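Colleague: Sending over final.pdb (PDB, C-alpha atoms, pLDDT in the B column).
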ATOM      1  CA  MET A  15       0.000   0.000   0.000  1.00 53.00           C
ATOM      2  CA  PRO A  16       1.571   3.308  -1.040  1.00 54.00           C
ATOM      3  CA  LEU A  17       2.084   5.963   1.587  1.00 58.00           C
ATOM      4  CA  GLU A  18      -0.166   8.997   1.085  1.00 60.00           C
ATOM      5  CA  LEU A  19       0.079  12.376   2.725  1.00 61.00           C
ATOM      6  CA  ARG A  20      -2.199  15.284   1.861  1.00 61.00           C
ATOM      7  CA  GLY A  21      -3.320  13.594  -1.319  1.00 60.00           C
ATOM      8  CA  ARG A  22       0.219  13.017  -2.567  1.00 61.00           C
ATOM      9  CA  SER A  23       1.403   9.449  -3.061  1.00 62.00           C
ATOM     10  CA  PHE A  24       4.849   8.400  -1.935  1.00 69.00           C
ATOM     11  CA  ARG A  25       4.814   4.899  -3.380  1.00 73.00           C
ATOM     12  CA  HIS A  26       8.571   4.722  -3.690  1.00 81.00           C
ATOM     13  CA  ALA A  27       9.243   5.273   0.022  1.00 81.00           C
ATOM     14  CA  HIS A  28       9.488   1.558   0.771  1.00 83.00           C
ATOM     15  CA  ALA A  29      11.875   0.964  -2.105  1.00 86.00           C
ATOM     16  CA  LEU A  30      13.990   3.960  -1.073  1.00 88.00           C
ATOM     17  CA  THR A  31      14.217   2.626   2.482  1.00 89.00           C
ATOM     18  CA  GLY A  32      15.289  -0.784   1.169  1.00 90.00           C
ATOM     19  CA  VAL A  33      17.968   0.748  -1.059  1.00 92.00           C
ATOM     20  CA  LEU A  34      19.268   2.830   1.850  1.00 91.00           C
ATOM     21  CA  PHE A  35      19.377  -0.271   4.086  1.00 91.00           C
ATOM     22  CA  ALA A  36      21.384  -2.116   1.429  1.00 93.00           C
ATOM     23  CA  ALA A  37      23.807   0.809   1.001  1.00 92.00           C
ATOM     24  CA  LEU A  38      24.227   1.080   4.746  1.00 88.00           C
ATOM     25  CA  ALA A  39      24.907  -2.663   5.121  1.00 90.00           C
ATOM     26  CA  TRP A  40      27.381  -2.509   2.241  1.00 91.00           C
ATOM     27  CA  ARG A  41      29.154   0.486   3.831  1.00 87.00           C
ATOM     28  CA  THR A  42      29.333  -0.806   7.410  1.00 82.00           C
ATOM     29  CA  GLY A  43      29.379  -4.582   6.946  1.00 84.00           C
ATOM     30  CA  TRP A  44      28.182  -6.596   9.929  1.00 84.00           C
ATOM     31  CA  HIS A  45      29.496  -4.020  12.396  1.00 82.00           C
ATOM     32  CA  HIS A  46      27.534  -3.565  15.632  1.00 82.00           C
ATOM     33  CA  ALA A  47      26.691  -0.004  14.546  1.00 81.00           C
ATOM     34  CA  LEU A  48      24.516  -1.334  11.725  1.00 87.00           C
ATOM     35  CA  ALA A  49      21.441  -1.641  13.969  1.00 89.00           C
ATOM     36  CA  PRO A  50      21.252   1.965  15.259  1.00 87.00           C
ATOM     37  CA  PHE A  51      22.118   3.437  11.870  1.00 86.00           C
ATOM     38  CA  SER A  52      19.467   1.222  10.245  1.00 89.00           C
ATOM     39  CA  TYR A  53      16.976   2.552  12.764  1.00 89.00           C
ATOM     40  CA  LEU A  54      18.060   6.106  11.916  1.00 86.00           C
ATOM     41  CA  THR A  55      17.511   5.360   8.222  1.00 88.00           C
ATOM     42  CA  ALA A  56      14.057   3.896   8.888  1.00 89.00           C
ATOM     43  CA  ALA A  57      13.120   6.971  10.946  1.00 87.00           C
ATOM     44  CA  LEU A  58      14.483   9.573   8.529  1.00 85.00           C
ATOM     45  CA  VAL A  59      12.680   8.399   5.385  1.00 88.00           C
ATOM     46  CA  PRO A  60       9.181   9.124   6.801  1.00 85.00           C
ATOM     47  CA  LEU A  61      10.499  12.367   8.314  1.00 85.00           C
ATOM     48  CA  ALA A  62      11.780  13.456   4.908  1.00 84.00           C
ATOM     49  CA  ILE A  63       8.392  12.685   3.379  1.00 84.00           C
ATOM     50  CA  VAL A  64       6.525  14.675   6.042  1.00 83.00           C
ATOM     51  CA  ASP A  65       8.995  17.542   5.690  1.00 81.00           C
ATOM     52  CA  GLN A  66       8.583  17.591   1.920  1.00 80.00           C
ATOM     53  CA  ALA A  67       4.791  17.542   2.112  1.00 80.00           C
ATOM     54  CA  GLU A  68       4.158  19.831   5.090  1.00 79.00           C
ATOM     55  CA  HIS A  69       7.425  21.743   5.689  1.00 79.00           C
ATOM     56  CA  ARG A  70       7.534  20.646   9.316  1.00 79.00           C
ATOM     57  CA  LEU A  71       9.145  17.898  11.368  1.00 79.00           C
ATOM     58  CA  PRO A  72       6.752  16.615  14.043  1.00 81.00           C
ATOM     59  CA  SER A  73       8.246  16.209  17.502  1.00 79.00           C
ATOM     60  CA  ALA A  74       6.025  13.157  18.019  1.00 83.00           C
ATOM     61  CA  MET A  75       8.240  11.349  15.500  1.00 82.00           C
ATOM     62  CA  ILE A  76      11.573  12.863  16.473  1.00 82.00           C
ATOM     63  CA  VAL A  77      11.695  12.695  20.277  1.00 80.00           C
ATOM     64  CA  PRO A  78      11.013   8.930  20.656  1.00 84.00           C
ATOM     65  CA  SER A  79      13.533   8.250  17.901  1.00 83.00           C
ATOM     66  CA  HIS A  80      16.180  10.210  19.792  1.00 79.00           C
ATOM     67  CA  MET A  81      15.764   8.037  22.877  1.00 83.00           C
ATOM     68  CA  ILE A  82      16.037   4.803  20.899  1.00 86.00           C
ATOM     69  CA  LEU A  83      18.888   6.068  18.740  1.00 83.00           C
ATOM     70  CA  GLY A  84      20.745   7.499  21.746  1.00 80.00           C
ATOM     71  CA  ALA A  85      20.588   4.152  23.554  1.00 86.00           C
ATOM     72  CA  GLY A  86      21.765   2.320  20.443  1.00 85.00           C
ATOM     73  CA  LEU A  87      24.652   4.667  19.714  1.00 80.00           C
ATOM     74  CA  THR A  88      25.711   4.661  23.360  1.00 81.00           C
ATOM     75  CA  ALA A  89      25.837   0.862  23.247  1.00 84.00           C
ATOM     76  CA  VAL A  90      27.942   1.049  20.076  1.00 82.00           C
ATOM     77  CA  ALA A  91      30.340   3.501  21.740  1.00 79.00           C
ATOM     78  CA  VAL A  92      30.702   1.226  24.769  1.00 81.00           C
ATOM     79  CA  LEU A  93      31.271  -1.870  22.586  1.00 81.00           C
ATOM     80  CA  ASP A  94      33.707  -0.066  20.310  1.00 76.00           C
ATOM     81  CA  PRO A  95      37.400  -0.302  21.216  1.00 74.00           C
ATOM     82  CA  HIS A  96      37.644   3.489  20.941  1.00 67.00           C
ATOM     83  CA  HIS A  97      35.727   4.473  24.089  1.00 67.00           C
ATOM     84  CA  ALA A  98      36.694   8.133  23.694  1.00 70.00           C
ATOM     85  CA  ASN A  99      34.164   8.315  20.846  1.00 70.00           C
ATOM     86  CA  LEU A 100      31.317   8.657  23.331  1.00 74.00           C
ATOM     87  CA  SER A 101      32.729  11.769  24.989  1.00 77.00           C
ATOM     88  CA  ARG A 102      33.704  13.228  21.593  1.00 76.00           C
ATOM     89  CA  ALA A 103      30.220  12.569  20.249  1.00 73.00           C
ATOM     90  CA  LEU A 104      28.514  14.245  23.197  1.00 76.00           C
ATOM     91  CA  THR A 105      30.904  17.202  23.007  1.00 79.00           C
ATOM     92  CA  GLY A 106      30.307  17.536  19.261  1.00 75.00           C
ATOM     93  CA  MET A 107      26.552  17.486  19.774  1.00 75.00           C
ATOM     94  CA  ALA A 108      26.754  20.206  22.412  1.00 78.00           C
ATOM     95  CA  VAL A 109      29.170  22.393  20.428  1.00 80.00           C
ATOM     96  CA  LEU A 110      27.197  22.195  17.166  1.00 77.00           C
ATOM     97  CA  ALA A 111      23.787  22.557  18.810  1.00 75.00           C
ATOM     98  CA  LEU A 112      24.663  26.065  19.999  1.00 80.00           C
ATOM     99  CA  PRO A 113      25.146  27.668  16.536  1.00 79.00           C
ATOM    100  CA  TYR A 114      21.991  25.951  15.280  1.00 76.00           C
ATOM    101  CA  LEU A 115      20.083  27.314  18.276  1.00 78.00           C
ATOM    102  CA  VAL A 116      21.397  30.827  17.596  1.00 80.00           C
ATOM    103  CA  LEU A 117      20.353  30.488  13.930  1.00 78.00           C
ATOM    104  CA  ALA A 118      16.894  29.298  14.929  1.00 76.00           C
ATOM    105  CA  LEU A 119      16.375  32.159  17.366  1.00 78.00           C
ATOM    106  CA  THR A 120      17.741  34.935  15.156  1.00 81.00           C
ATOM    107  CA  THR A 121      16.517  34.016  11.672  1.00 77.00           C
ATOM    108  CA  GLY A 122      13.379  31.998  12.346  1.00 69.00           C
ATOM    109  CA  GLY A 123      14.272  29.758   9.406  1.00 68.00           C
ATOM    110  CA  LEU A 124      14.953  26.738  11.582  1.00 69.00           C
ATOM    111  CA  GLY A 125      12.383  25.038  13.741  1.00 69.00           C
ATOM    112  CA  ALA A 126      12.676  22.699  16.706  1.00 67.00           C
ATOM    113  CA  GLY A 127      12.507  19.700  14.371  1.00 66.00           C
ATOM    114  CA  ASP A 128      15.521  20.962  12.441  1.00 66.00           C
ATOM    115  CA  LEU A 129      17.465  21.357  15.665  1.00 64.00           C
ATOM    116  CA  LEU A 130      16.540  17.882  16.857  1.00 66.00           C
ATOM    117  CA  THR A 131      17.418  16.135  13.594  1.00 66.00           C
ATOM    118  CA  GLU A 132      20.829  17.810  13.643  1.00 64.00           C
ATOM    119  CA  LEU A 133      21.969  15.943  16.763  1.00 59.00           C
ATOM    120  CA  PRO A 134      22.526  12.459  15.232  1.00 59.00           C
ATOM    121  CA  ALA A 135      24.562  14.072  12.441  1.00 56.00           C
ATOM    122  CA  ASP A 136      26.852  15.565  15.060  1.00 51.00           C
ATOM    123  CA  TRP A 137      27.226  12.152  16.672  1.00 53.00           C
ATOM    124  CA  ARG A 138      28.232  10.507  13.399  1.00 52.00           C
ATOM    125  CA  GLY A 139      30.701  13.264  12.553  1.00 48.00           C
ATOM    126  CA  SER A 140      32.591  12.760  15.782  1.00 45.00           C
ATOM    127  CA  ARG A 141      33.308   9.119  14.918  1.00 48.00           C
ATOM    128  CA  ARG A 142      35.349  10.013  11.843  1.00 48.00           C
ATOM    129  CA  GLY A 143      38.324   7.739  11.363  1.00 46.00           C
ATOM    130  CA  HIS A 144      37.223   5.080  13.854  1.00 46.00           C
ATOM    131  CA  TYR A 145      34.213   3.676  12.078  1.00 46.00           C
ATOM    132  CA  PRO A 146      34.165   1.335   9.110  1.00 44.00           C
TER     133      PRO A 146
END
Could you render the structure from this file as structure tokens?

Modeller:
Amino acid sequence: MPLELRGRSFRHAHALTGVLFAALAWRTGWHHALAPFSYLTAALVPLAIVDQAEHRLPSAMIVPSHMILGAGLTAVAVLDPHHANLSRALTGMAVLALPYLVLALTTGGLGAGDLLTELPADWRGSRRGHYP
């Protein structure tokens, strides 16, 4: 059954999610980080569709995903031989959240959903060089 939102059909969403899962598995292999990043992929495809159709990112979809993704990425950081990644990731999230917050408050072009979806990107960027 194709996904519909405001009369627009997004019948390729399932195929896109499958292709992204395959690309992610090819990129990471059977690394323990595959599960949380797969969850992130599964959460971001519907968010992208809602954002495209309504120009908003609903907190009801973002906040629960952050809790699940945070637990998964914390587990990956603990299991990874480079334990410093966890502190670097949290520091990167805090440092990059501040400029986004300033942009949101001064320009009005960013909403709370934009700020919340930025946090996992900061986490991934801090793992550079230590992740397959």

Colleague: Provide the CA of Leu61 (chain A) to CA of Leu83 (chain A) distance in Å, to one decimal place.

Modeller: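 Pair CA of Leu61 (chain A) / CA of Leu83 (chain A) returns 14.8 Å.
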
Colleague: If you apply the PyMOL selection byres ((chain A and resi 40-53) around 9) to this file, what residues do you get, as a VMD selection string?

Modeller: chain A and resid 34 to 39 54 to 58 79 82 to 87 89 to 91 93 to 94 145 to 146

Colleague: How far is it from CA of Leu119 (chain A) to CA of Ala62 (chain A), in Å with one decimal?

Modeller: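 Separating CA of Leu119 (chain A) from CA of Ala62 (chain A) is a distance of 22.9 Å.
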
Colleague: Hey, can you check how far CA of Ala118 (chain A) sits from CA of His69 (chain A)?

Modeller: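 The value is 15.2 Å.
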
Colleague: So for region 21-40 of chain A, what box centre and size do we get, axis-aligned, 3 Å extra on each of the six sides, every listed atom, Å to one decimal, as AutoDock Vina command-line options?

Modeller:
--center_x 12.0 --center_y 5.5 --center_z 0.7 --size_x 36.7 --size_y 22.3 --size_z 14.8

Colleague: Complete region 35-69 of chain A with N, CA and C atoms (output as a compact mmCIF listing (two decimals), in the coordinates of the input).

Modeller:
# COMPACT_ATOMS: atom_id res chain seq x y z
N PHE A 35 18.92 0.82 3.21
CA PHE A 35 19.38 -0.27 4.09
C PHE A 35 20.51 -1.06 3.42
N ALA A 36 20.36 -1.36 2.14
CA ALA A 36 21.38 -2.12 1.43
C ALA A 36 22.69 -1.33 1.35
N ALA A 37 22.60 -0.03 1.06
CA ALA A 37 23.81 0.81 1.00
C ALA A 37 24.48 0.90 2.36
N LEU A 38 23.68 1.01 3.39
CA LEU A 38 24.23 1.08 4.75
C LEU A 38 24.92 -0.22 5.13
N ALA A 39 24.29 -1.36 4.82
CA ALA A 39 24.91 -2.66 5.12
C ALA A 39 26.18 -2.86 4.31
N TRP A 40 26.18 -2.40 3.06
CA TRP A 40 27.38 -2.51 2.24
C TRP A 40 28.50 -1.65 2.82
N ARG A 41 28.15 -0.45 3.30
CA ARG A 41 29.15 0.49 3.83
C ARG A 41 29.73 0.03 5.17
N THR A 42 28.87 -0.47 6.06
CA THR A 42 29.33 -0.81 7.41
C THR A 42 29.70 -2.27 7.57
N GLY A 43 29.18 -3.15 6.73
CA GLY A 43 29.38 -4.58 6.95
C GLY A 43 28.56 -5.01 8.17
N TRP A 44 28.93 -6.10 8.76
CA TRP A 44 28.18 -6.60 9.93
C TRP A 44 28.75 -6.01 11.21
N HIS A 45 29.02 -4.74 11.22
CA HIS A 45 29.50 -4.02 12.40
C HIS A 45 28.34 -3.81 13.36
N HIS A 46 28.61 -3.73 14.65
CA HIS A 46 27.53 -3.56 15.63
C HIS A 46 26.82 -2.21 15.51
N ALA A 47 27.36 -1.29 14.76
CA ALA A 47 26.69 0.00 14.55
C ALA A 47 25.61 -0.08 13.46
N LEU A 48 25.50 -1.20 12.79
CA LEU A 48 24.52 -1.33 11.72
C LEU A 48 23.09 -1.18 12.25
N ALA A 49 22.81 -1.70 13.43
CA ALA A 49 21.44 -1.64 13.97
C ALA A 49 20.98 -0.21 14.26
N PRO A 50 21.75 0.60 15.03
CA PRO A 50 21.25 1.96 15.26
C PRO A 50 21.21 2.83 14.01
N PHE A 51 22.15 2.65 13.09
CA PHE A 51 22.12 3.44 11.87
C PHE A 51 20.99 2.98 10.95
N SER A 52 20.64 1.70 10.99
CA SER A 52 19.47 1.22 10.24
C SER A 52 18.20 1.83 10.82
N TYR A 53 18.13 1.91 12.14
CA TYR A 53 16.98 2.55 12.76
C TYR A 53 16.90 4.03 12.34
N LEU A 54 18.03 4.70 12.34
CA LEU A 54 18.06 6.11 11.92
C LEU A 54 17.56 6.24 10.48
N THR A 55 17.97 5.34 9.61
CA THR A 55 17.51 5.36 8.22
C THR A 55 16.00 5.16 8.14
N ALA A 56 15.50 4.18 8.90
CA ALA A 56 14.06 3.90 8.89
C ALA A 56 13.25 5.07 9.45
N ALA A 57 13.83 5.82 10.37
CA ALA A 57 13.12 6.97 10.95
C ALA A 57 13.20 8.20 10.04
N LEU A 58 14.30 8.36 9.32
CA LEU A 58 14.48 9.57 8.53
C LEU A 58 13.71 9.57 7.22
N VAL A 59 13.43 8.41 6.64
CA VAL A 59 12.68 8.40 5.38
C VAL A 59 11.27 8.96 5.59
N PRO A 60 10.49 8.49 6.60
CA PRO A 60 9.18 9.12 6.80
C PRO A 60 9.29 10.60 7.20
N LEU A 61 10.32 10.96 7.96
CA LEU A 61 10.50 12.37 8.31
C LEU A 61 10.75 13.22 7.08
N ALA A 62 11.52 12.71 6.15
CA ALA A 62 11.78 13.46 4.91
C ALA A 62 10.49 13.64 4.10
N ILE A 63 9.65 12.60 4.11
CA ILE A 63 8.39 12.68 3.38
C ILE A 63 7.47 13.72 4.02
N VAL A 64 7.37 13.69 5.34
CA VAL A 64 6.52 14.68 6.04
C VAL A 64 7.07 16.08 5.82
N ASP A 65 8.39 16.23 5.88
CA ASP A 65 8.99 17.54 5.69
C ASP A 65 8.74 18.06 4.27
N GLN A 66 8.83 17.18 3.30
CA GLN A 66 8.58 17.59 1.92
C GLN A 66 7.13 17.99 1.72
N ALA A 67 6.21 17.27 2.33
CA ALA A 67 4.79 17.54 2.11
C ALA A 67 4.27 18.71 2.94
N GLU A 68 4.75 18.85 4.18
CA GLU A 68 4.16 19.83 5.09
C GLU A 68 5.13 20.90 5.58
N HIS A 69 6.39 20.79 5.24
CA HIS A 69 7.42 21.74 5.69
C HIS A 69 7.47 21.85 7.21
